[in-house]
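The structure appears right after this line, and notes come after that.
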Number of protein chains: 2
Amino acid sequence: MKMKSHCPINYSLEHFGDRWSLLIIRDLMFNGKRHYNEFLESGEKISTSVLGDRLKHLEEVGIISKGKDKIKKSRIKYSLTKKGINMLPIMLDMVCWSGQYDNKSDVNNVFLAKINTEREMLIQSTREKLEGEHLMD
Amino acid sequence: MKMKSHCPINYSLEHFGDRWSLLIIRDLMFNGKRHYNEFLESGEKISTSVLGDRLKHLEEVGIISKGKDKIKKSRIKYSLTKKGINMLPIMLDMVCWSGQYDNKSDVNNVFLAKINTEREMLIQSTREKLEGEHLMD
DNA sequence: CTGTATCCTTAGGGATACTG
DNA sequence: CAGTATCCCTAAGGATACAG
């Protein structure tokens with residue numbers, strides 16, 4: 001991958017600056033999704049070819065990892081890496097920002113207020129939850 | 001613009017989820033750029049047609065506004081709106097996240113540490129600076 | 001200086017079928 | 001269930017010229 005620059009904003013863009021990657025990360029981070037078919041079912045209707053491509057790219061850049069499901073060994077499971085979990089503040093800020101302006105937002109105001117007033121605590125507790133679920137796989 | 005969903009992450013993506021918009025916002029927010037030709041000069045080498053398109057889109061969705069330069073009335077000046085300035089936490093988190101992983105990053109460690117330890121103060125002071133520069137145009 | 005307009009090329013993406 | 005492979009179409013983007 002040829003980088004356009006070494007600006008940190010551009011670095012972010014090279015990792016997840018497309019129309020789909022953040023939706024996959026959202027599903028892993030907030031919606032408990034871990035399997036290929038679950039990503040396909042999300043409201044934005046990603047296609048199989050695009051999903052395959054983005055999963056591969058996100059794994060290559062170290063944001064997600066791929067493993068076998070502990071319970072059902074034949075099933076494949078995706079997890080956030082530490083690098084992926086560390087995107088939590090970015091994701092929460094986006095939810096918060098959108099919540100201010102989208103009157104049709106899916107997010108309720110209680111949660112929005114919580115991001116604002118208890119941001120650090122919320123990040124900490126969510127991080128612990130994610131690290132328990134994802135990193136231990 | 002037809003929205004794929006009302007998820008807040010998707011709302012963000014519909015606003016600035018492409019390879020160029022965040023670079024323009026970055027230039028307005030951190031690099032003091034305000035004019036068409038200044039955006040063209042940035043390291044990522046945006047083309048005139050793409051720049052024109054993104055400026056129009058960002059204005060339509062209310063993130064930037066367009067006005068005449070106070071000093072030189074013939075010159076056109078772009079500013080962040082309140083909605084644009086409110087993206088500051090998102091942008092700082094991206095800088096912070098990238099700074100952890102990009103060893104060639106343009107950002108120095110002092111600034112990174114500052115984002116982490118004095119986040120709220122840094123946001124507040126930067127916001128005041130931006131509101132002075134941009135909103136009063 | 002701030003844009004459009006045009007032309008052309010490439011990348012992104014939807015639909016569908018197929019495979020281990 | 002978790003993907004590839006293919007086909008085809010559209011959107012995105014680079015280069016350049018030109019206009020107000």
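Chain lettering (A, B, ...) mirrors the order of the structure tokens, residue numbering begins at 1 for each chain separately, and ligand numbering begins at 1 in order of display.
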query: Once you count only C-alpha atoms (C1' of nucleotides), which residues of chain C turn out to be within 10 Å of chain A? Could you give them as a list of chain:residue names?
result: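 Listed by rising number, the hits are C:DG12, C:DG13, C:DG14, C:DA15.
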query: Could you pull out the strand (DSSP E) residues of chain B from DSSP and send them as a list in words?
result: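 Strand (DSSP E) assignments inside chain B correspond to Ile64, Ser65, Lys66, Gly67, Lys68, Ile76, Lys77, Tyr78, Ser79 and Leu80 of chain B.
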Proximal residues of chain A relative to chain D (only C-alpha atoms (C1' of nucleotides); 9 Å) as a PyMOL selection string: chain A and resi 35-37+48-49+52+74-76
message: For a test of reading the model, state the distance in Å between atom CA of Asp53 of chain B and atom CA of Gly17 of chain B, rounded to one decimal.
response: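 Atom-to-atom, atom CA of Asp53 of chain B and atom CA of Gly17 of chain B are spaced 14.0 Å apart.
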message: Set the cut-off to 6 Å and count only C-alpha atoms: what are the residues of chain A that reach chain B? Output as an NGL selection string.
response: :A and (4 or 6-9 or 17-19 or 44 or 90 or 93 or 95 or 98 or 105-106)
Can you write just those residues out, C-alpha atoms, as a compact mmCIF listing (two decimals), in the first residue's frame?
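Written output follows (out-v3.txt):
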```
# COMPACT_ATOMS: atom_id res chain seq x y z
CA LYS A 4 -0.15 9.45 0.26
CA HIS A 6 2.57 10.48 6.88
CA CYS A 7 -0.06 12.72 8.33
CA PRO A 8 -1.87 10.88 11.15
CA ILE A 9 -5.28 11.71 9.69
CA GLY A 17 -11.18 5.48 5.30
CA ASP A 18 -13.76 3.81 3.10
CA ARG A 19 -17.51 3.37 3.17
CA GLU A 44 -26.38 -1.42 5.20
CA ILE A 90 -12.89 7.53 17.83
CA ASP A 93 -16.92 10.43 19.41
CA VAL A 95 -21.65 8.37 17.73
CA SER A 98 -23.82 12.23 14.84
CA SER A 105 -30.56 8.60 14.96
CA ASP A 106 -30.84 5.10 16.34
```
message: At a cut-off of 12 Å, using only C-alpha atoms (C1' of nucleotides), what residues contact Lys56 of chain B? Leave out same-chain residues fewer than 5 positions from it and give the result as a PyMOL selection string.
response: (chain B and resi 15+21+24+36+49-51+61-66+78) or (chain C and resi 3)
For the selection you just gave me, I'd like the residues written to a file as an mmCIF file, in the first residue's frame, keeping C-alpha atoms (C1' of nucleotides).
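Printed below is again-v8.cif as written:
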```cif
data_model
loop_
_atom_site.group_PDB
_atom_site.id
_atom_site.type_symbol
_atom_site.label_atom_id
_atom_site.label_comp_id
_atom_site.auth_asym_id
_atom_site.auth_seq_id
_atom_site.Cartn_x
_atom_site.Cartn_y
_atom_site.Cartn_z
ATOM 1 C CA HIS B 15 -20.748 13.125 5.890
ATOM 2 C CA SER B 21 -12.992 15.122 3.180
ATOM 3 C CA ILE B 24 -9.704 19.212 3.980
ATOM 4 C CA TYR B 36 -8.794 26.890 -2.485
ATOM 5 C CA SER B 49 -12.104 18.404 -9.656
ATOM 6 C CA VAL B 50 -12.168 16.343 -6.459
ATOM 7 C CA LEU B 51 -11.483 19.384 -4.321
ATOM 8 C CA VAL B 61 -23.940 18.978 4.810
ATOM 9 C CA GLY B 62 -23.091 21.976 6.982
ATOM 10 C CA ILE B 63 -19.537 21.209 8.018
ATOM 11 C CA ILE B 64 -17.901 24.150 6.281
ATOM 12 C CA SER B 65 -19.100 27.522 5.058
ATOM 13 C CA LYS B 66 -17.966 29.780 2.280
ATOM 14 C CA TYR B 78 -13.622 28.684 3.710
ATOM 15 C "C1'" DG C 3 -13.277 27.333 -9.798
#
```
task: Find the spatial neighbours of Thr117 of chain A, counting only C-alpha atoms (C1' of nucleotides), within a cut-off of 12 Å - ignore same-chain residues fewer than 6 positions away - and output them as JSON, numbers by chain.
output: {"A": [96, 110, 111, 123], "B": [120]}
Out of chain B, which residues get alpha helix (DSSP H) from DSSP, as a JSON list (two decimals) with C-alpha atoms, in the first residue's frame?
```json
[["chain", "number", "residue", "atom", "x", "y", "z"],
["B", 8, "PRO", "CA", -24.67, 7.13, 13.85],
["B", 9, "ILE", "CA", -21.49, 5.59, 12.46],
["B", 10, "ASN", "CA", -23.12, 5.47, 9.07],
["B", 11, "TYR", "CA", -24.28, 9.06, 9.52],
["B", 12, "SER", "CA", -20.67, 10.07, 10.02],
["B", 13, "LEU", "CA", -19.64, 8.09, 6.98],
["B", 14, "GLU", "CA", -22.24, 9.80, 4.81],
["B", 15, "HIS", "CA", -20.75, 13.13, 5.89],
["B", 16, "PHE", "CA", -17.03, 12.54, 5.66],
["B", 21, "SER", "CA", -12.99, 15.12, 3.18],
["B", 22, "LEU", "CA", -11.10, 14.60, 6.42],
["B", 23, "LEU", "CA", -7.94, 15.97, 4.83],
["B", 24, "ILE", "CA", -9.70, 19.21, 3.98],
["B", 25, "ILE", "CA", -11.16, 19.41, 7.48],
["B", 26, "ARG", "CA", -7.70, 18.75, 8.89],
["B", 27, "ASP", "CA", -6.27, 21.64, 6.87],
["B", 28, "LEU", "CA", -8.97, 23.96, 8.15],
["B", 29, "MET", "CA", -8.71, 22.73, 11.71],
["B", 36, "TYR", "CA", -8.79, 26.89, -2.48],
["B", 37, "ASN", "CA", -5.21, 26.95, -3.66],
["B", 38, "GLU", "CA", -3.90, 26.14, -0.17],
["B", 39, "PHE", "CA", -5.87, 22.90, -0.12],
["B", 40, "LEU", "CA", -4.41, 22.00, -3.49],
["B", 48, "THR", "CA", -9.02, 20.35, -8.67],
["B", 49, "SER", "CA", -12.10, 18.40, -9.66],
["B", 50, "VAL", "CA", -12.17, 16.34, -6.46],
["B", 51, "LEU", "CA", -11.48, 19.38, -4.32],
["B", 52, "GLY", "CA", -14.34, 21.30, -5.90],
["B", 53, "ASP", "CA", -16.65, 18.38, -5.38],
["B", 54, "ARG", "CA", -15.74, 17.87, -1.71],
["B", 55, "LEU", "CA", -15.93, 21.53, -0.83],
["B", 56, "LYS", "CA", -19.43, 21.61, -2.26],
["B", 57, "HIS", "CA", -20.47, 18.50, -0.40],
["B", 58, "LEU", "CA", -19.01, 19.61, 2.93],
["B", 59, "GLU", "CA", -20.83, 22.90, 2.56],
["B", 60, "GLU", "CA", -24.10, 21.15, 1.72],
["B", 82, "LYS", "CA", -19.94, 24.92, 14.56],
["B", 83, "LYS", "CA", -20.80, 21.45, 13.30],
["B", 84, "GLY", "CA", -17.34, 21.23, 11.78],
["B", 85, "ILE", "CA", -15.57, 22.48, 14.87],
["B", 88, "LEU", "CA", -12.49, 18.22, 16.94],
["B", 89, "PRO", "CA", -12.64, 15.30, 19.40],
["B", 90, "ILE", "CA", -12.93, 12.82, 16.53],
["B", 91, "MET", "CA", -9.96, 14.35, 14.78],
["B", 92, "LEU", "CA", -7.79, 14.45, 17.89],
["B", 93, "ASP", "CA", -8.60, 10.82, 18.66],
["B", 94, "MET", "CA", -7.53, 9.85, 15.18],
["B", 95, "VAL", "CA", -4.26, 11.71, 15.57],
["B", 96, "CYS", "CA", -3.75, 10.01, 18.88],
["B", 97, "TRP", "CA", -4.59, 6.55, 17.58],
["B", 98, "SER", "CA", -2.39, 6.88, 14.51],
["B", 99, "GLY", "CA", 0.44, 8.27, 16.58],
["B", 100, "GLN", "CA", 0.55, 5.05, 18.55],
["B", 101, "TYR", "CA", 1.13, 2.91, 15.49],
["B", 109, "ASN", "CA", 5.30, 12.63, 21.04],
["B", 110, "VAL", "CA", 4.88, 15.71, 23.17],
["B", 111, "PHE", "CA", 1.68, 16.56, 21.38],
["B", 112, "LEU", "CA", 0.50, 12.96, 21.58],
["B", 113, "ALA", "CA", 1.05, 12.85, 25.29],
["B", 114, "LYS", "CA", -0.82, 16.09, 25.61],
["B", 115, "ILE", "CA", -3.84, 14.70, 23.80],
["B", 116, "ASN", "CA", -3.90, 11.83, 26.25],
["B", 117, "THR", "CA", -3.29, 13.61, 29.49],
["B", 119, "ARG", "CA", -7.55, 16.01, 26.40],
["B", 120, "GLU", "CA", -10.39, 18.12, 27.73],
["B", 121, "MET", "CA", -8.23, 21.19, 28.21],
["B", 122, "LEU", "CA", -6.69, 20.79, 24.78],
["B", 123, "ILE", "CA", -10.11, 20.44, 23.17],
["B", 124, "GLN", "CA", -11.37, 23.47, 25.02],
["B", 125, "SER", "CA", -8.47, 25.71, 24.09],
["B", 126, "THR", "CA", -8.40, 24.55, 20.46],
["B", 127, "ARG", "CA", -12.14, 25.00, 20.23],
["B", 128, "GLU", "CA", -11.90, 28.57, 21.48],
["B", 129, "LYS", "CA", -9.19, 29.30, 18.98],
["B", 130, "LEU", "CA", -11.19, 27.81, 16.12]]
```
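The spacing separating atom CA of Lys77 of chain A from atom CA of Asp137 of chain A amounts to 8.9 Å.
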field: d(atom CA of Glu131 of chain B, atom CA of Thr81 of chain B) in Å
entry: 8.6 Å
